[in-house]
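Participant: The structure follows.
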Amino acid sequence: MGNCNIKNEEAQKEAASRQLEFIEEARILVEKISKNIGRPLISHIETFGCQMNARDSEKLRGILDAAGFKDTENEDEADLVIYNTCTVRDNADQHVYGRLGHLNAVRKKRPDMIIGLCGCMMQEDHIVAKIKKSYPFVKLIFGTHNLYAFPELLVRTLNEDKRVIDIRQETKVFPESLPVKRKHFFKSGVNIMYGCNNFCSYCIVPYVRGREISRTPDEILDEVRRLVADGCVEIMLLGQNVNSYGKTLPEKMSFAELLREVCKIEGLRRLRFMTSHPKDLSDELIEVIAQNPVICHHMHLPVQSGSDIILTKMNRHYDRARYMEIVRKLREAIPDISFTTDIIVGFPGETEEDFEDTLSLVREVGFDSAFTFIYSKRRGTPAAEMENQVPEEIVKERFNRLLKEVKVTAEERCARFTGKVMDVLVEDVNREPGLVTGRIEHNIVVHLPGDASMIGKIVPVRLAECRGFYYFGEPVSD
Ligand code: SAH
Ligand code: SF4
Ligand code: F3S
């Protein structure tokens, strides 16, 4: 087994050094083009979807930066535009098509503009077929399994006249040593695993991201150490189901054990993780969170539904009682913990009674906030074939009722810290002049007076006034 690991490491190194050569080749090409046009080449990457995609975009940006591109927020002025797509719900797909329409209009005025697509949507054959047919101006298409090969694909895109399309069905190597350009200097996501094995019956992610694979603890710890040395005070460990971390490793390690190791890294102030699946949440994990002050007292624990019948049809492998048991245990061990969740409304066969079970669960748990989604049929998933798809008007009506319930509960929960002094990690300047915005460890947003020099710092703040889901705070001196 050990041997197979070494081989893997060698494969990673080899793949990385090959891609580094392509970056150098891209850099020479970009330099030449820039000289010709008398200005730097400009790139824009637009991210759709989850934290995984956000992290992937940072990798793409790192590669473009190393190749000599200047990054812009304004896609209309870019020479190279890449959409890193999401396909978890149909509206994510529709959003991309809409934006492509706009880009096509821009491109007509600027024919040299290069447009590329990557990410989860590209792992679906029918979507790639549609893009090829209806969006011929898209020059580069690649998927989730060969993101690391972007330097090579970039060189081909710059060199060749024809379209570059490269979609793989499986991830073979994960070179993580290529350049990365973080969005924030003070915090970063770190992938601890890729893919998903759960096959929740509504979900497309296992089909577009492939099978679950964990990175080795050494690789993860090395990356976190490097990030902390480079100024990160907050790390978010990323995976579709972090609680099943380590199951595919030759030398097994649990997620709780990994957290324990990460907590030992000096200089790390805040540790978060996403996403926890209730079915694999262990008592050991609860203990580790309670024992390590670095781990934030916030648990994102998607419940999806409060009805046992629907949870079974969703293939979630827990029932309402088990979910409530986890919530109770977590609150017992970490009394101030905040809970957030994901909920789907209108799953096939959902009755009024099932839906009311969801409403009552929201009340019973008291979520600090919830992401609520209308069920979206995804081609190829078991739920898409199920009978009794719920009519749109009924789903909409339920969705609005759920939103109201979530709002009431969340406001009640949010207000619980009013008047307390808590540490806020300042993340950005506010649109309103003279204000900055940050978060407490419970993930609640706080606005406070300040300026850009505070970004990345953790400051004590009195949470003076709760305004629904966020606070206005006053800095206090230690
Ligand atoms: N791995 C995470 C979720 C990733 S997808 C987990 O299991 O918790 C993020 C959220 O999108 C899911 O929690 C779910 O609420 C929602 N979602 C996924 N597929 C969906 C679909 N077909 N329709 C509506 N919402 C969906
Ligand atoms: Fe989708 Fe379920 Fe995997 Fe989450 S755990 S990504 S919802 S299949
Ligand atoms: Fe979307 Fe892919 Fe994430 S489908 S939610 S971007 S894993």
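We name chains A, B, ... following the order of the structure tokens; residues begin at 1 in each chain, and ligands are numbered from 1 as shown.
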Residues of range 152-385 of chain A classed as alpha helix (DSSP H) by DSSP on the backbone are to be reported as a PyMOL selection string.

Facilitator: chain A and resi 152-159+205-209+217-229+255-263+283-291+308-313+320-333+352-365

Participant: Name the residues in contact with range 297-311 of chain A at a cut-off of 6 Å, using only C-alpha atoms, excluding same-chain residues fewer than 3 positions from it; report them as a list in words.

Facilitator: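 The neighbour list is Ser276, Met314, Arg316, Asp319, Arg320, Ile337, Ser338, Phe339, Thr340, Thr341, Asp342, Ile343, Ile344, Asp354, Asp357, Thr358, Leu361 and His442 of chain A.
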
Participant: Next, dump the selected residues to file, keeping only N, CA and C atoms, as a compact mmCIF listing (two decimals), in the first residue's frame.

Facilitator:
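Written file, selection_18.txt:
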```txt
# COMPACT_ATOMS: atom_id res chain seq x y z
N SER A 276 -20.27 19.25 6.38
CA SER A 276 -20.46 18.08 7.23
C SER A 276 -21.73 17.36 6.82
N MET A 314 -34.45 10.56 -0.35
CA MET A 314 -33.29 11.36 -0.76
C MET A 314 -31.98 10.56 -0.63
N ARG A 316 -30.36 9.90 2.22
CA ARG A 316 -29.46 10.67 3.10
C ARG A 316 -28.87 9.83 4.24
N ASP A 319 -32.15 9.87 9.93
CA ASP A 319 -33.54 10.32 10.05
C ASP A 319 -33.58 11.55 10.95
N ARG A 320 -34.77 12.08 11.11
CA ARG A 320 -34.93 13.30 11.88
C ARG A 320 -34.40 13.14 13.31
N ILE A 337 -22.66 27.14 20.17
CA ILE A 337 -22.45 26.81 18.74
C ILE A 337 -23.60 27.34 17.87
N SER A 338 -23.26 27.79 16.67
CA SER A 338 -24.32 28.20 15.75
C SER A 338 -24.49 27.13 14.68
N PHE A 339 -25.75 26.96 14.25
CA PHE A 339 -26.07 25.96 13.24
C PHE A 339 -26.60 26.63 11.98
N THR A 340 -26.05 26.24 10.84
CA THR A 340 -26.65 26.64 9.57
C THR A 340 -26.93 25.36 8.78
N THR A 341 -27.78 25.48 7.77
CA THR A 341 -28.19 24.27 7.07
C THR A 341 -28.58 24.54 5.63
N ASP A 342 -28.80 23.48 4.87
CA ASP A 342 -29.38 23.56 3.52
C ASP A 342 -30.69 22.79 3.55
N ILE A 343 -31.71 23.35 2.90
CA ILE A 343 -33.02 22.69 2.86
C ILE A 343 -33.54 22.70 1.43
N ILE A 344 -34.08 21.58 1.01
CA ILE A 344 -34.69 21.49 -0.32
C ILE A 344 -36.21 21.41 -0.16
N ASP A 354 -45.22 16.26 4.98
CA ASP A 354 -43.75 16.20 4.94
C ASP A 354 -43.17 17.60 5.09
N ASP A 357 -43.27 18.92 8.49
CA ASP A 357 -42.18 18.34 9.29
C ASP A 357 -40.90 19.16 9.13
N THR A 358 -40.66 19.66 7.92
CA THR A 358 -39.48 20.51 7.71
C THR A 358 -39.63 21.81 8.50
N LEU A 361 -39.03 21.19 12.11
CA LEU A 361 -37.62 20.94 12.40
C LEU A 361 -36.85 22.26 12.47
N HIS A 442 -18.84 32.44 14.93
CA HIS A 442 -20.12 31.80 14.64
C HIS A 442 -20.63 32.11 13.24
```

Participant: Provide the CA of Pro179 in chain A to CA of Asp230 in chain A distance in Å, to one decimal place.

Facilitator: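 Answer for the CA of Pro179 in chain A to CA of Asp230 in chain A separation: 13.5 Å.
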
Participant: Which distance in Å separates CA of Lys172 in chain A and CA of Leu249 in chain A, to one decimal?

Facilitator: 15.0 Å

Participant: Which is closer to ligand 3 than all the others in A:Asn243, A:Ser43, A:Thr275, A:Ser201, using only C-alpha atoms and all ligand atoms?

Facilitator: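 Ranked by minimum distance to ligand 3, first place goes to A:Thr275.
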
Participant: Counting only C-alpha atoms and all ligand atoms, name the residues that have an atom within 10 Å of an atom of ligand 3; the answer should be given as number ranges by chain.

Facilitator: A: 47-54, 56, 84-89, 92-93, 119-123, 144, 194-196, 203-210, 239-240

Participant: Pick out the residues sitting within 12 Å of Glu387 in chain A, and hand them over as a VMD selection string; count only C-alpha atoms, and ignore anything fewer than 6 positions along from it in its own chain.

Facilitator: chain A and resid 313 347 to 350 377

Participant: Pick from A:Met454, A:Ala105, A:Ala15, A:Ile192: nearest to Asn146 in chain A, with only C-alpha atoms counted?

Facilitator: A:Ala15

Participant: CA of Val461 in chain A to CA of Arg413 in chain A: how many Å, to one decimal?

Facilitator: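 These atoms are spaced 18.7 Å apart.
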
Participant: Determine, counting only C-alpha atoms, which protein, DNA and RNA residues have an atom within 12 Å of an atom of Ala26 in chain A; residues of the same chain fewer than 4 positions away are not included. Present the result as a ChimeraX atom specification.

Facilitator: /A:19-22,30-34,41,63-69,150-159

Participant: Rank nothing, just name the residue among A:Leu403, A:Met253, A:Ile127, A:Ala78 nearest to Arg379 in chain A, using only C-alpha atoms.

Facilitator: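 Distance minimum relative to Arg379 in chain A lands on A:Ile127.
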
Participant: With a distance cut-off of 9 Å and only C-alpha atoms, select the neighbouring residues of Val262 in chain A, excluding the residue or stretch itself and same-chain residues fewer than 4 positions from it, and output the selection as a PDB file with C-alpha atoms, in the first residue's frame.

Facilitator:
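Contents of out-v7.pdb, freshly written:
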```pdb
ATOM      1  CA  ILE A 220      -2.855  18.912   3.846  1.00  0.00           C
ATOM      2  CA  LEU A 221      -0.748  19.859   6.873  1.00  0.00           C
ATOM      3  CA  VAL A 224      -1.899  24.742   5.845  1.00  0.00           C
ATOM      4  CA  ARG A 225       1.569  25.427   7.279  1.00  0.00           C
ATOM      5  CA  GLU A 257      -7.830  13.189  13.952  1.00  0.00           C
ATOM      6  CA  LEU A 258      -6.973  15.418  11.015  1.00  0.00           C
ATOM      7  CA  LEU A 268      -3.549  29.503  12.916  1.00  0.00           C
ATOM      8  CA  LEU A 271     -10.297  26.718  11.615  1.00  0.00           C
TER       9      LEU A 271
END
```

Participant: Report as a ChimeraX atom specification all protein, DNA and RNA residues lying within 9 Å of Val395 in chain A, evaluated on only C-alpha atoms, omitting residues in the same chain fewer than 4 positions from it.

Facilitator: /A:345-347,374-375,390-391,399-400

Participant: Please return, as a ChimeraX atom specification, all residues of range 169-388 of chain A that DSSP assigns to strand (DSSP E or B) on the basis of the backbone.

Facilitator: /A:187-191,193-194,213-214,234-238,270-274,295,298-300,304,338-345,369-374

Participant: For Glu10 in chain A, which residue out of A:Val476, A:Met422, A:Val138, A:Val173 is the nearest one, using only C-alpha atoms?

Facilitator: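 Of A:Val476, A:Met422, A:Val138, A:Val173, the one nearest Glu10 in chain A, counting only C-alpha atoms, is A:Val173.
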
Participant: Could you give me, as a PDB file with N, CA and C atoms, in the first residue's frame, the residues within 12 Å of Gly101 in chain A, counting only C-alpha atoms and dropping anything in the same chain fewer than 2 positions from it?

Facilitator:
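What follows is the written file out.pdb:
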```
ATOM      1  N   GLN A  94     -28.725  28.033 -16.303  1.00  0.00           N
ATOM      2  CA  GLN A  94     -29.362  29.113 -17.064  1.00  0.00           C
ATOM      3  C   GLN A  94     -28.585  30.424 -16.926  1.00  0.00           C
ATOM      4  N   HIS A  95     -28.067  30.637 -15.735  1.00  0.00           N
ATOM      5  CA  HIS A  95     -27.275  31.827 -15.468  1.00  0.00           C
ATOM      6  C   HIS A  95     -26.071  31.895 -16.424  1.00  0.00           C
ATOM      7  N   VAL A  96     -25.399  30.762 -16.579  1.00  0.00           N
ATOM      8  CA  VAL A  96     -24.224  30.716 -17.460  1.00  0.00           C
ATOM      9  C   VAL A  96     -24.633  30.998 -18.909  1.00  0.00           C
ATOM     10  N   TYR A  97     -25.726  30.387 -19.360  1.00  0.00           N
ATOM     11  CA  TYR A  97     -26.162  30.642 -20.745  1.00  0.00           C
ATOM     12  C   TYR A  97     -26.467  32.122 -20.951  1.00  0.00           C
ATOM     13  N   GLY A  98     -27.128  32.732 -19.959  1.00  0.00           N
ATOM     14  CA  GLY A  98     -27.464  34.154 -20.058  1.00  0.00           C
ATOM     15  C   GLY A  98     -26.200  35.007 -20.169  1.00  0.00           C
ATOM     16  N   ARG A  99     -25.232  34.683 -19.325  1.00  0.00           N
ATOM     17  CA  ARG A  99     -23.990  35.461 -19.328  1.00  0.00           C
ATOM     18  C   ARG A  99     -23.219  35.263 -20.630  1.00  0.00           C
ATOM     19  N   LEU A 103     -21.692  37.983 -23.242  1.00  0.00           N
ATOM     20  CA  LEU A 103     -20.290  37.963 -23.687  1.00  0.00           C
ATOM     21  C   LEU A 103     -20.174  37.949 -25.208  1.00  0.00           C
ATOM     22  N   ASN A 104     -21.107  37.254 -25.845  1.00  0.00           N
ATOM     23  CA  ASN A 104     -21.069  37.181 -27.302  1.00  0.00           C
ATOM     24  C   ASN A 104     -21.232  38.571 -27.910  1.00  0.00           C
ATOM     25  N   ALA A 105     -22.108  39.376 -27.300  1.00  0.00           N
ATOM     26  CA  ALA A 105     -22.312  40.743 -27.788  1.00  0.00           C
ATOM     27  C   ALA A 105     -21.023  41.555 -27.623  1.00  0.00           C
ATOM     28  N   VAL A 106     -20.359  41.386 -26.467  1.00  0.00           N
ATOM     29  CA  VAL A 106     -19.104  42.114 -26.224  1.00  0.00           C
ATOM     30  C   VAL A 106     -18.042  41.677 -27.234  1.00  0.00           C
ATOM     31  N   ARG A 107     -17.995  40.357 -27.459  1.00  0.00           N
ATOM     32  CA  ARG A 107     -16.970  39.781 -28.318  1.00  0.00           C
ATOM     33  C   ARG A 107     -17.100  40.266 -29.769  1.00  0.00           C
ATOM     34  N   LYS A 108     -18.344  40.586 -30.152  1.00  0.00           N
ATOM     35  CA  LYS A 108     -18.538  41.073 -31.525  1.00  0.00           C
ATOM     36  C   LYS A 108     -17.795  42.382 -31.746  1.00  0.00           C
ATOM     37  N   ILE A 115     -12.918  33.149 -25.053  1.00  0.00           N
ATOM     38  CA  ILE A 115     -13.886  32.759 -24.031  1.00  0.00           C
ATOM     39  C   ILE A 115     -13.727  31.272 -23.716  1.00  0.00           C
ATOM     40  N   ILE A 131     -23.197  23.487 -26.051  1.00  0.00           N
ATOM     41  CA  ILE A 131     -22.247  24.603 -26.190  1.00  0.00           C
ATOM     42  C   ILE A 131     -21.596  24.561 -27.577  1.00  0.00           C
ATOM     43  N   SER A 134     -24.524  25.575 -30.097  1.00  0.00           N
ATOM     44  CA  SER A 134     -25.184  26.887 -30.017  1.00  0.00           C
ATOM     45  C   SER A 134     -24.264  28.029 -29.600  1.00  0.00           C
ATOM     46  N   TYR A 135     -23.093  27.720 -29.093  1.00  0.00           N
ATOM     47  CA  TYR A 135     -22.187  28.787 -28.652  1.00  0.00           C
ATOM     48  C   TYR A 135     -20.806  28.574 -29.282  1.00  0.00           C
ATOM     49  N   PRO A 136     -20.748  28.650 -30.620  1.00  0.00           N
ATOM     50  CA  PRO A 136     -19.493  28.298 -31.311  1.00  0.00           C
ATOM     51  C   PRO A 136     -18.334  29.222 -30.963  1.00  0.00           C
ATOM     52  N   PHE A 137     -18.640  30.361 -30.378  1.00  0.00           N
ATOM     53  CA  PHE A 137     -17.557  31.311 -30.062  1.00  0.00           C
ATOM     54  C   PHE A 137     -16.777  30.912 -28.808  1.00  0.00           C
ATOM     55  N   VAL A 138     -17.240  29.875 -28.075  1.00  0.00           N
ATOM     56  CA  VAL A 138     -16.489  29.416 -26.895  1.00  0.00           C
ATOM     57  C   VAL A 138     -15.271  28.639 -27.385  1.00  0.00           C
TER      58      VAL A 138
END
```

Participant: Tell me which of A:Ile114, A:Ile141, A:Ala383, A:Leu330 sits closest to ligand 2, counting only C-alpha atoms and all ligand atoms.

Facilitator: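 Ranking A:Ile114, A:Ile141, A:Ala383, A:Leu330 by distance to ligand 2, first place goes to A:Ala383.
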
Participant: Taking only C-alpha atoms and all ligand atoms into account, which of A:Lys279, A:Lys187, A:His44, A:Arg55 comes nearest ligand 2?

Facilitator: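 Result for the nearest residue to ligand 2: A:Lys279.
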